[in-house]
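The file entry-v8.txt contains compact mmCIF, C-alpha atoms and all ligand atoms:
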```
# COMPACT_ATOMS: atom_id res chain seq x y z
CA MET A 125 -27.12 -28.17 -19.23
CA ALA A 126 -26.57 -24.41 -19.09
CA PRO A 127 -25.80 -23.02 -15.62
CA THR A 128 -28.69 -21.36 -13.82
CA LEU A 129 -28.73 -18.52 -11.32
CA ARG A 130 -29.31 -21.08 -8.60
CA ASP A 131 -26.18 -22.97 -9.69
CA SER A 132 -24.11 -19.80 -9.49
CA GLN A 133 -25.01 -18.93 -5.91
CA ALA A 134 -22.19 -18.87 -3.39
CA PRO A 135 -23.78 -18.16 0.00
CA ILE A 136 -21.84 -15.76 2.20
CA GLU A 137 -20.83 -17.73 5.28
CA ARG A 138 -19.18 -15.11 7.45
CA VAL A 139 -18.37 -11.40 7.50
CA GLN A 140 -15.56 -10.27 9.76
CA VAL A 141 -14.28 -6.75 10.35
CA ARG A 142 -11.26 -5.32 12.10
CA ALA A 143 -9.98 -1.82 12.62
CA TYR A 144 -6.27 -1.07 12.85
CA THR A 145 -5.06 2.32 14.01
CA VAL A 146 -1.56 2.85 12.63
CA PRO A 147 0.47 5.81 13.92
CA THR A 148 2.38 7.79 11.31
CA GLU A 149 6.14 8.13 11.64
CA GLU A 150 5.66 11.74 12.70
CA PRO A 151 2.78 14.24 12.82
CA GLU A 152 1.51 14.98 9.30
CA SER A 153 -0.65 17.73 7.85
CA ASP A 154 -2.10 19.18 4.67
CA GLY A 155 -3.77 22.52 4.06
CA THR A 156 -6.76 21.89 6.33
CA LEU A 157 -6.08 18.84 8.53
CA GLU A 158 -3.44 17.48 10.90
CA TRP A 159 -3.16 13.82 11.92
CA ARG A 160 -0.90 11.42 13.78
CA ALA A 161 -2.44 8.09 12.75
CA THR A 162 -4.52 6.37 10.09
CA THR A 163 -7.23 3.79 10.78
CA LEU A 164 -7.63 0.91 8.35
CA VAL A 165 -11.00 -0.90 8.47
CA LEU A 166 -10.42 -4.39 7.06
CA VAL A 167 -13.31 -6.63 6.00
CA SER A 168 -13.03 -10.36 5.38
CA ILE A 169 -15.92 -12.21 3.72
CA ALA A 170 -15.97 -16.00 3.41
CA ALA A 171 -18.00 -18.12 0.97
CA GLY A 172 -17.37 -21.62 -0.33
CA SER A 173 -14.12 -21.96 1.64
CA VAL A 174 -12.79 -18.86 -0.11
CA ARG A 175 -12.19 -15.51 1.54
CA GLY A 176 -12.18 -12.01 0.04
CA LEU A 177 -10.56 -8.94 1.58
CA GLY A 178 -11.58 -5.31 1.29
CA TYR A 179 -10.81 -2.18 3.23
CA SER A 180 -11.40 1.51 3.75
CA TYR A 181 -9.57 4.25 5.61
CA ALA A 182 -12.14 5.30 8.16
CA ASP A 183 -12.95 5.68 11.82
CA THR A 184 -13.49 2.65 14.07
CA ALA A 185 -17.17 3.65 14.03
CA THR A 186 -17.23 2.35 10.46
CA ALA A 187 -16.15 -1.09 11.65
CA ARG A 188 -18.89 -1.04 14.25
CA LEU A 189 -21.48 -0.15 11.62
CA ILE A 190 -20.34 -3.05 9.44
CA HIS A 191 -20.48 -5.44 12.37
CA GLU A 192 -23.87 -4.33 13.66
CA ARG A 193 -25.73 -3.41 10.46
CA LEU A 194 -24.17 -4.97 7.39
CA ALA A 195 -22.76 -8.37 8.41
CA ALA A 196 -26.10 -9.97 9.30
CA LEU A 197 -27.65 -8.45 6.18
CA LEU A 198 -25.11 -10.23 3.99
CA GLU A 199 -24.71 -13.61 5.62
CA GLY A 200 -26.53 -16.36 3.74
CA LYS A 201 -26.94 -14.23 0.60
CA ASP A 202 -25.31 -14.90 -2.79
CA ALA A 203 -21.77 -13.51 -2.84
CA LEU A 204 -21.73 -13.38 -6.63
CA ALA A 205 -24.72 -11.00 -6.90
CA ILE A 206 -22.73 -7.93 -5.87
CA ASN A 207 -25.10 -5.30 -7.25
CA ALA A 208 -27.96 -6.84 -5.28
CA ARG A 209 -25.85 -6.86 -2.08
CA TRP A 210 -24.83 -3.25 -2.74
CA GLU A 211 -28.43 -2.10 -3.14
CA GLU A 212 -29.45 -3.89 0.07
CA MET A 213 -26.68 -2.18 2.01
CA VAL A 214 -27.64 1.24 0.65
CA ARG A 215 -31.29 0.65 1.60
CA THR A 216 -30.48 -0.49 5.12
CA VAL A 217 -28.56 2.72 5.99
CA ARG A 218 -31.27 5.03 4.66
CA ASN A 219 -32.10 6.55 8.03
CA LEU A 220 -28.44 6.83 9.04
CA GLY A 221 -27.35 9.02 6.14
CA SER A 222 -25.86 7.59 2.99
CA GLY A 223 -22.50 9.40 3.14
CA GLY A 224 -19.60 9.40 5.58
CA ILE A 225 -19.37 6.36 7.84
CA CYS A 226 -22.08 4.46 5.97
CA ALA A 227 -20.51 5.04 2.56
CA MET A 228 -17.08 3.98 3.80
CA GLY A 229 -18.55 0.88 5.44
CA ILE A 230 -20.34 -0.10 2.24
CA SER A 231 -17.14 0.61 0.32
CA ALA A 232 -15.05 -1.75 2.48
CA VAL A 233 -17.66 -4.51 2.19
CA ASP A 234 -18.12 -4.02 -1.55
CA ASN A 235 -14.35 -4.17 -2.11
CA ALA A 236 -14.27 -7.46 -0.19
CA LEU A 237 -17.16 -8.84 -2.23
CA TRP A 238 -15.36 -8.09 -5.50
CA ASP A 239 -12.18 -9.71 -4.22
CA LEU A 240 -14.20 -12.71 -3.08
CA LYS A 241 -15.93 -13.04 -6.44
CA ALA A 242 -12.60 -12.93 -8.27
CA ARG A 243 -11.20 -15.64 -6.02
CA LEU A 244 -14.31 -17.81 -6.34
CA LEU A 245 -14.05 -17.64 -10.12
CA GLY A 246 -10.26 -18.03 -10.11
CA LEU A 247 -9.71 -14.78 -11.98
CA PRO A 248 -7.79 -11.55 -11.32
CA LEU A 249 -10.22 -8.79 -10.39
CA VAL A 250 -9.39 -6.81 -13.51
CA ALA A 251 -10.77 -9.68 -15.62
CA LEU A 252 -14.22 -9.18 -14.01
CA LEU A 253 -14.27 -5.47 -14.82
CA PRO A 254 -14.91 -3.74 -18.14
CA ALA A 255 -11.19 -3.16 -18.56
CA ALA A 256 -10.19 -0.53 -21.11
CA ARG A 257 -6.43 -0.92 -20.57
CA ALA A 258 -3.89 -3.33 -19.13
CA SER A 259 -2.04 -0.82 -16.96
CA VAL A 260 -2.56 2.52 -15.24
CA PRO A 261 -0.15 5.43 -14.77
CA VAL A 262 0.72 6.49 -11.22
CA TYR A 263 1.92 9.56 -9.38
CA GLY A 264 3.76 9.90 -6.08
CA SER A 265 1.57 11.64 -3.50
CA GLY A 266 2.83 13.23 -0.28
CA GLY A 267 4.80 16.42 0.28
CA PHE A 268 2.92 17.17 3.47
CA THR A 269 2.86 20.72 4.79
CA SER A 270 4.43 19.39 8.00
CA TYR A 271 7.65 18.62 6.08
CA ASP A 272 10.49 21.10 6.01
CA ILE A 273 11.92 21.87 2.59
CA PRO A 274 14.82 19.37 2.66
CA ARG A 275 12.42 16.56 3.62
CA LEU A 276 9.97 17.64 0.93
CA GLN A 277 12.68 17.67 -1.71
CA ARG A 278 14.06 14.27 -0.69
CA GLN A 279 10.63 12.61 -0.88
CA LEU A 280 9.62 14.02 -4.25
CA ALA A 281 13.06 13.52 -5.81
CA ALA A 282 13.18 9.91 -4.60
CA TRP A 283 9.92 9.13 -6.42
CA VAL A 284 11.22 10.68 -9.62
CA SER A 285 14.47 8.75 -9.27
CA ALA A 286 12.42 5.57 -8.85
CA GLY A 287 10.81 6.17 -12.23
CA ILE A 288 7.57 7.91 -11.22
CA PRO A 289 7.31 10.84 -13.64
CA ARG A 290 4.72 12.90 -11.71
CA VAL A 291 4.49 13.86 -8.04
CA LYS A 292 2.05 15.72 -5.82
CA MET A 293 2.64 17.94 -2.80
CA LYS A 294 0.38 19.67 -0.29
CA VAL A 295 -0.05 23.44 -0.08
CA GLY A 296 -2.33 25.90 1.69
CA ARG A 297 -1.47 25.65 5.39
CA HIS A 298 0.85 28.65 5.24
CA PRO A 299 0.07 30.43 1.97
CA ASP A 300 2.90 32.90 2.45
CA ARG A 301 5.35 29.97 2.27
CA ASP A 302 3.78 28.14 -0.65
CA ARG A 303 5.71 29.88 -3.41
CA GLU A 304 9.03 28.97 -1.73
CA ARG A 305 7.98 25.35 -1.09
CA VAL A 306 6.71 24.75 -4.61
CA ALA A 307 9.82 26.39 -6.12
CA ALA A 308 11.97 24.11 -3.97
CA ALA A 309 10.00 21.09 -5.12
CA ARG A 310 10.44 22.11 -8.75
CA SER A 311 14.18 22.47 -8.34
CA ALA A 312 14.33 18.97 -6.79
CA ILE A 313 12.37 17.10 -9.49
CA GLY A 314 13.64 18.68 -12.69
CA GLU A 315 11.26 18.23 -15.59
CA ALA A 316 8.87 15.81 -13.85
CA GLN A 317 5.21 16.81 -13.66
CA LEU A 318 4.35 18.64 -10.45
CA PHE A 319 0.89 18.55 -8.88
CA VAL A 320 -0.28 20.64 -5.91
CA ASP A 321 -3.21 19.90 -3.59
CA ALA A 322 -4.64 22.62 -1.33
CA ASN A 323 -7.33 20.40 0.24
CA GLY A 324 -9.72 23.34 0.05
CA ALA A 325 -7.50 25.68 2.07
CA TYR A 326 -7.61 28.81 -0.08
CA PRO A 327 -10.38 31.38 -0.36
CA ARG A 328 -11.37 32.02 -3.97
CA LYS A 329 -9.29 35.13 -4.72
CA LEU A 330 -6.16 33.73 -3.12
CA ALA A 331 -6.66 30.48 -5.03
CA LEU A 332 -6.72 32.49 -8.27
CA GLU A 333 -3.57 34.38 -7.35
CA MET A 334 -1.77 31.15 -6.40
CA ALA A 335 -2.83 29.52 -9.66
CA ARG A 336 -0.76 32.06 -11.56
CA VAL A 337 2.17 31.64 -9.17
CA PHE A 338 2.09 27.85 -9.46
CA ALA A 339 1.69 27.91 -13.23
CA GLY A 340 4.92 29.91 -13.41
CA LEU A 341 6.62 27.07 -11.55
CA GLY A 342 5.37 24.45 -13.96
CA VAL A 343 2.50 23.09 -11.86
CA CYS A 344 0.00 21.37 -14.13
CA TRP A 345 -2.49 19.95 -11.59
CA TYR A 346 -4.37 22.12 -9.06
CA GLU A 347 -6.35 19.93 -6.67
CA GLU A 348 -9.10 21.37 -4.48
CA PRO A 349 -7.85 24.96 -4.65
CA VAL A 350 -11.04 25.86 -2.78
CA SER A 351 -13.45 23.66 -0.86
CA SER A 352 -14.83 20.81 -2.93
CA ASP A 353 -18.26 21.89 -1.64
CA ASP A 354 -17.81 25.27 -3.35
CA LEU A 355 -18.73 24.19 -6.86
CA ALA A 356 -19.05 27.78 -8.10
CA GLY A 357 -15.63 28.55 -6.65
CA LEU A 358 -14.05 25.56 -8.37
CA ARG A 359 -15.68 26.64 -11.62
CA LEU A 360 -14.28 30.13 -11.16
CA ILE A 361 -10.75 28.82 -10.67
CA ARG A 362 -11.10 26.38 -13.56
CA ASP A 363 -12.23 29.11 -15.94
CA ARG A 364 -9.63 31.71 -14.95
CA ALA A 365 -6.55 29.64 -14.12
CA PRO A 366 -3.80 29.44 -16.77
CA ALA A 367 -4.64 26.92 -19.45
CA VAL A 368 -1.60 24.79 -18.53
CA MET A 369 -3.28 23.87 -15.25
CA GLU A 370 -6.01 21.30 -14.66
CA VAL A 371 -8.37 21.68 -11.70
CA SER A 372 -9.35 18.44 -9.95
CA ALA A 373 -11.66 17.45 -7.10
CA GLY A 374 -13.94 14.61 -6.01
CA GLU A 375 -11.99 12.57 -3.46
CA TYR A 376 -14.68 13.22 -0.81
CA GLY A 377 -17.48 12.08 -3.10
CA TYR A 378 -19.69 9.43 -1.48
CA ASP A 379 -22.21 8.83 -4.25
CA VAL A 380 -22.91 9.38 -7.94
CA ARG A 381 -25.19 12.32 -7.22
CA TYR A 382 -22.23 14.34 -5.90
CA PHE A 383 -20.07 13.37 -8.88
CA ARG A 384 -22.85 14.39 -11.23
CA ARG A 385 -23.26 17.78 -9.50
CA LEU A 386 -19.51 18.38 -9.66
CA CYS A 387 -19.37 17.57 -13.38
CA ALA A 388 -22.58 19.39 -14.26
CA ALA A 389 -21.30 22.55 -12.56
CA GLY A 390 -18.25 22.55 -14.81
CA ALA A 391 -16.17 22.55 -11.62
CA VAL A 392 -13.32 20.25 -12.66
CA ASP A 393 -11.05 19.37 -15.55
CA VAL A 394 -10.38 15.99 -13.93
CA LEU A 395 -12.84 14.17 -11.69
CA GLN A 396 -11.44 12.23 -8.75
CA ALA A 397 -13.01 9.27 -6.95
CA ASP A 398 -11.85 7.10 -4.07
CA VAL A 399 -12.86 3.43 -4.06
CA THR A 400 -12.65 3.39 -0.24
CA ARG A 401 -15.32 6.12 0.03
CA CYS A 402 -17.54 6.17 -3.03
CA GLY A 403 -19.23 2.79 -2.58
CA GLY A 404 -16.34 0.47 -3.36
CA VAL A 405 -15.65 -0.99 -6.78
CA THR A 406 -19.36 -0.80 -7.58
CA GLY A 407 -19.53 2.90 -6.72
CA PHE A 408 -16.27 3.65 -8.51
CA LEU A 409 -17.56 2.15 -11.75
CA ARG A 410 -20.63 4.38 -11.45
CA ALA A 411 -18.41 7.44 -10.92
CA ALA A 412 -16.41 6.45 -14.01
CA ALA A 413 -19.64 6.32 -16.02
CA ILE A 414 -20.56 9.83 -14.83
CA ALA A 415 -17.13 11.18 -15.82
CA ASP A 416 -17.41 9.51 -19.21
CA ALA A 417 -20.84 11.04 -19.77
CA PHE A 418 -19.34 14.51 -19.20
CA LEU A 419 -16.29 13.72 -21.38
CA LEU A 420 -14.01 14.17 -18.38
CA PRO A 421 -11.03 12.06 -17.33
CA LEU A 422 -11.16 10.32 -13.95
CA SER A 423 -8.30 9.95 -11.51
CA SER A 424 -8.34 7.53 -8.59
CA HIS A 425 -7.33 8.74 -5.15
CA CYS A 426 -4.92 6.92 -2.77
CA ALA A 427 -5.29 3.16 -2.00
CA PRO A 428 -3.20 2.06 -5.02
CA ALA A 429 -3.66 -1.62 -4.14
CA LEU A 430 -7.39 -1.22 -4.80
CA HIS A 431 -7.24 1.27 -7.63
CA ALA A 432 -4.82 -0.68 -9.83
CA ALA A 433 -7.64 -2.90 -11.06
CA VAL A 434 -10.50 -0.39 -11.22
CA GLY A 435 -8.23 2.18 -12.89
CA CYS A 436 -7.98 -0.23 -15.82
CA ALA A 437 -11.75 -0.01 -16.17
CA VAL A 438 -11.80 3.79 -16.53
CA ARG A 439 -12.41 4.71 -20.14
CA ARG A 440 -11.06 8.24 -19.81
CA HIS A 441 -8.23 7.84 -17.35
CA ALA A 442 -6.45 11.01 -16.23
CA ARG A 443 -3.07 9.98 -17.51
CA ALA A 444 -2.12 12.77 -19.90
CA HIS A 445 -2.05 16.22 -18.34
CA ARG A 446 -2.36 18.29 -21.41
CA GLY A 447 -0.58 21.59 -21.56
CA CYS A 448 1.78 20.99 -18.68
CA ALA A 449 4.46 23.62 -19.18
CA ARG A 450 7.25 21.39 -17.97
CA SER A 451 6.16 18.13 -19.48
CA GLY A 452 7.72 16.43 -22.45
CA PRO A 453 6.08 13.63 -24.37
CA HIS A 454 3.72 11.56 -22.26
CA PRO A 455 6.02 9.34 -20.19
CA SER A 456 5.77 5.64 -20.48
CA GLY A 457 7.77 5.20 -17.26
CA LEU A 458 6.44 3.43 -14.24
CA ARG A 459 3.14 1.70 -14.77
CA THR A 460 1.27 -0.52 -12.41
CA ARG A 461 0.25 -3.90 -13.71
CA ALA A 462 -3.26 -4.52 -12.48
CA GLN A 463 -3.24 -8.28 -12.70
CA GLY A 464 -2.12 -9.64 -9.36
CA VAL A 465 -0.97 -6.28 -8.05
CA ARG A 466 -3.99 -5.70 -5.86
CA ARG A 467 -3.62 -8.80 -3.74
CA ARG A 468 0.13 -8.59 -3.41
CA ALA A 469 -0.01 -4.91 -2.52
CA LEU A 470 -2.74 -5.47 0.07
CA ARG A 471 -0.73 -8.23 1.69
CA ARG A 472 2.32 -5.98 1.80
CA LEU A 473 0.23 -3.18 3.23
CA ILE A 474 -1.09 -5.39 5.99
CA ALA A 475 2.32 -6.90 6.69
CA ARG A 476 4.09 -3.57 6.76
CA ARG A 477 1.55 -1.71 8.82
CA ALA A 478 -0.08 -4.34 10.98
CA VAL A 479 3.06 -6.07 12.25
CA SER A 480 4.85 -2.83 13.00
CA LYS A 481 5.74 -2.66 16.64
CA ARG A 482 4.02 0.69 16.80
CA ALA A 483 0.84 -0.51 15.13
CA ARG A 484 -2.05 -1.43 17.34
CA ALA A 485 -5.39 -2.99 16.54
CA ALA A 486 -7.98 -0.69 18.04
CA THR A 487 -10.98 -2.96 17.73
CA VAL A 488 -11.62 -6.49 16.57
CA TRP A 489 -14.80 -8.35 15.80
CA GLY A 490 -15.18 -11.99 14.85
CA ASP A 491 -12.80 -14.92 14.76
CA ALA A 492 -9.24 -14.20 13.67
CA ALA A 493 -8.38 -17.84 13.05
CA ARG A 494 -8.91 -17.59 9.31
CA LEU A 495 -7.16 -14.30 8.74
CA PRO A 496 -3.72 -14.33 7.05
CA PRO A 497 -0.55 -14.68 9.16
CA ALA A 498 0.28 -11.00 9.09
CA CYS A 499 -3.11 -10.19 10.61
CA LYS A 500 -2.75 -12.85 13.26
CA ARG A 501 0.55 -11.41 14.36
CA ALA A 502 -1.14 -8.06 14.78
CA ARG A 503 -3.91 -9.36 17.03
CA PRO A 504 -4.55 -6.98 19.87
CA SER A 505 -3.83 -7.67 23.46
CA ARG A 506 -6.28 -9.91 25.30
CA GLU A 507 -7.96 -7.08 27.15
CA ARG A 508 -8.64 -5.17 23.91
CA ARG A 509 -10.01 -8.10 21.99
CA GLY A 510 -13.69 -7.83 21.23
CA ARG A 511 -14.18 -4.47 22.89
CA LEU A 512 -16.21 -1.84 21.16
CA PRO A 513 -14.83 1.68 20.92
MG MG B 601 -6.48 15.63 -2.33
```

Full structure transcribed into structure tokens:
Amino acid sequence: MAPTLRDSQAPIERVQVRAYTVPTEEPESDGTLEWRATTLVLVSIAAGSVRGLGYSYADTATARLIHERLAALLEGKDALAINARWEEMVRTVRNLGSGGICAMGISAVDNALWDLKARLLGLPLVALLPAARASVPVYGSGGFTSYDIPRLQRQLAAWVSAGIPRVKMKVGRHPDRDRERVAAARSAIGEAQLFVDANGAYPRKLALEMARVFAGLGVCWYEEPVSSDDLAGLRLIRDRAPAVMEVSAGEYGYDVRYFRRLCAAGAVDVLQADVTRCGGVTGFLRAAAIADAFLLPLSSHCAPALHAAVGCAVRRHARAHRGCARSGPHPSGLRTRAQGVRRRALRRLIARRAVSKRARAATVWGDAARLPPACKRARPSRERRGRLP
């Protein structure tokens, strides 16, 4: 007898959420923000004696929202019907605002649901997705504006030495120093592709001037030269920047309507999306469809453990940066195998960050007994356990 929808149901038994605040090794900054820690919101969803993990980088308020609004909504429902769960979550946060905390909470839960579904079916996540490729290219991202030049050069050069043929650095905090920093980066990485990210720090005219400076130093990727809310400004830079340079933005996109506005405005050469913000795997696939409709490549942002699989499902992946003055043939160097990478990388992430002596769990909800060993070792002190922020 053919399986029915009823046969396929795997009721969600339990939704747990934790938030880990992990201090950075030293204060870090980009063009518009300074930080000393990162908070990881980790969601665990159990069904049929199987557990899926998902996460987002967000404030502890996101964990509270998941605990108070989303967990009860999900429990008892079919874990395999992810689109239905996603729509229910979006509806339930209507009056709270669909972006920001709500979008990141839905993203963490959706990522856990996809991981759970893959485990229930005994498949790698990439096998559930409309995969267009078996691997995705990567770039090294860092080069914070808080680094002095020797530190900047060491970090970027180390990635190139490790086989990563493209690297990204931050600019915009001190525009008068950006030419020197980017020139130093270029001298450290040789012929590797060099990306810069201003995180919206420049006003329009300065962004135009810096585009010409950076192009002369072989920069082929210009990320958020102006605010990603300034669609006309991005369009201006895109139209007038040297042709060797691609303008990118989209990492702060929370829904497909923003991605559509960005593409329709002609604001970017490469659309970006972040699976920890844009509605999880479900939202990322929607963003990829928008980019495809506008004939634009899509680049994923951060969270490589999550993006390895979904990147394989992007039809127009931003892997070839056409016209890069310093690039040779498209490198076939380091590629990330999607199959199995996501789970192993997430485990390493948790182990490395959560068991660090300096790491502390800010807030915990639910029973930790079924979480993996690395998480158990990172349980907070007794007095912190169960407290709300
Ligand atoms: Mg960026």

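A distance cut-off of 10 Å from ligand MG 601 (chain B), applied to all atoms listed in the file, picks out the residues Asp154, Gly155, Ser265, Gly266, Lys292, Met293, Lys294, Val320, Asp321, Ala322, Asn323, Gly324, Tyr346, Glu347, Glu348, Pro349, Ser352, Ser372, Ala373, Gly374, Glu375, Tyr376, Gln396, His425 and Cys426 of chain A.
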
message = Applying 6 Å and all atoms listed in the file, which residues near Cys436 (chain A) remain after dropping the ones on its own chain fewer than 2 positions away? List them as an MDAnalysis selection string.
response = chainID A and resid 255:257 433:434 438

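CA of Ser259 (chain A) is positioned 10.9 Å from CA of His431 (chain A).
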
message = Between CA of Leu197 (chain A) and CA of Val380 (chain A), what is the distance in Å, rounded to a tenth?
response =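 Atom-to-atom, CA of Leu197 (chain A) and CA of Val380 (chain A) are spaced 23.2 Å apart.
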
message = I need the residue nearest Leu253 (chain A) from this list: A:Ala413, A:Val405, A:Leu386, A:Ile206. Use all atoms listed in the file for the distance.
response = A:Val405

Please, could N, CA and C atoms be added to region 276-294 of chain A and the result written as a PDB file, in the frame of the given file?
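Output file result21.pdb follows:
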```
ATOM      1  N   LEU A 276      10.849  17.586   2.102  1.00  0.00           N
ATOM      2  CA  LEU A 276       9.970  17.640   0.930  1.00  0.00           C
ATOM      3  C   LEU A 276      10.744  17.301  -0.340  1.00  0.00           C
ATOM      4  N   GLN A 277      11.888  17.909  -0.503  1.00  0.00           N
ATOM      5  CA  GLN A 277      12.680  17.670  -1.710  1.00  0.00           C
ATOM      6  C   GLN A 277      13.157  16.229  -1.796  1.00  0.00           C
ATOM      7  N   ARG A 278      13.571  15.664  -0.675  1.00  0.00           N
ATOM      8  CA  ARG A 278      14.060  14.270  -0.690  1.00  0.00           C
ATOM      9  C   ARG A 278      12.949  13.328  -1.119  1.00  0.00           C
ATOM     10  N   GLN A 279      11.726  13.535  -0.568  1.00  0.00           N
ATOM     11  CA  GLN A 279      10.630  12.610  -0.880  1.00  0.00           C
ATOM     12  C   GLN A 279      10.259  12.683  -2.364  1.00  0.00           C
ATOM     13  N   LEU A 280      10.055  13.882  -2.860  1.00  0.00           N
ATOM     14  CA  LEU A 280       9.620  14.020  -4.250  1.00  0.00           C
ATOM     15  C   LEU A 280      10.715  13.549  -5.221  1.00  0.00           C
ATOM     16  N   ALA A 281      11.954  13.908  -4.931  1.00  0.00           N
ATOM     17  CA  ALA A 281      13.060  13.520  -5.810  1.00  0.00           C
ATOM     18  C   ALA A 281      13.252  12.003  -5.814  1.00  0.00           C
ATOM     19  N   ALA A 282      13.011  11.367  -4.671  1.00  0.00           N
ATOM     20  CA  ALA A 282      13.180   9.910  -4.600  1.00  0.00           C
ATOM     21  C   ALA A 282      12.163   9.219  -5.498  1.00  0.00           C
ATOM     22  N   TRP A 283      10.927   9.744  -5.543  1.00  0.00           N
ATOM     23  CA  TRP A 283       9.920   9.130  -6.420  1.00  0.00           C
ATOM     24  C   TRP A 283      10.323   9.281  -7.885  1.00  0.00           C
ATOM     25  N   VAL A 284      10.802  10.469  -8.234  1.00  0.00           N
ATOM     26  CA  VAL A 284      11.220  10.680  -9.620  1.00  0.00           C
ATOM     27  C   VAL A 284      12.388   9.765  -9.964  1.00  0.00           C
ATOM     28  N   SER A 285      13.327   9.643  -9.045  1.00  0.00           N
ATOM     29  CA  SER A 285      14.470   8.750  -9.270  1.00  0.00           C
ATOM     30  C   SER A 285      14.041   7.308  -9.422  1.00  0.00           C
ATOM     31  N   ALA A 286      12.929   6.946  -8.764  1.00  0.00           N
ATOM     32  CA  ALA A 286      12.420   5.570  -8.850  1.00  0.00           C
ATOM     33  C   ALA A 286      11.638   5.325 -10.138  1.00  0.00           C
ATOM     34  N   GLY A 287      11.478   6.358 -10.952  1.00  0.00           N
ATOM     35  CA  GLY A 287      10.810   6.170 -12.230  1.00  0.00           C
ATOM     36  C   GLY A 287       9.385   6.684 -12.277  1.00  0.00           C
ATOM     37  N   ILE A 288       8.922   7.332 -11.212  1.00  0.00           N
ATOM     38  CA  ILE A 288       7.570   7.910 -11.220  1.00  0.00           C
ATOM     39  C   ILE A 288       7.676   9.326 -11.798  1.00  0.00           C
ATOM     40  N   PRO A 289       7.058   9.575 -12.933  1.00  0.00           N
ATOM     41  CA  PRO A 289       7.310  10.840 -13.640  1.00  0.00           C
ATOM     42  C   PRO A 289       6.411  11.990 -13.223  1.00  0.00           C
ATOM     43  N   ARG A 290       5.601  11.822 -12.179  1.00  0.00           N
ATOM     44  CA  ARG A 290       4.720  12.900 -11.710  1.00  0.00           C
ATOM     45  C   ARG A 290       4.528  12.753 -10.203  1.00  0.00           C
ATOM     46  N   VAL A 291       4.568  13.892  -9.502  1.00  0.00           N
ATOM     47  CA  VAL A 291       4.490  13.860  -8.040  1.00  0.00           C
ATOM     48  C   VAL A 291       3.573  14.975  -7.548  1.00  0.00           C
ATOM     49  N   LYS A 292       3.005  14.749  -6.369  1.00  0.00           N
ATOM     50  CA  LYS A 292       2.050  15.720  -5.820  1.00  0.00           C
ATOM     51  C   LYS A 292       2.457  16.131  -4.411  1.00  0.00           C
ATOM     52  N   MET A 293       2.318  17.421  -4.136  1.00  0.00           N
ATOM     53  CA  MET A 293       2.640  17.940  -2.800  1.00  0.00           C
ATOM     54  C   MET A 293       1.468  18.752  -2.264  1.00  0.00           C
ATOM     55  N   LYS A 294       1.439  18.914  -0.948  1.00  0.00           N
ATOM     56  CA  LYS A 294       0.380  19.670  -0.290  1.00  0.00           C
ATOM     57  C   LYS A 294       0.764  21.138  -0.164  1.00  0.00           C
TER      58      LYS A 294
END
```
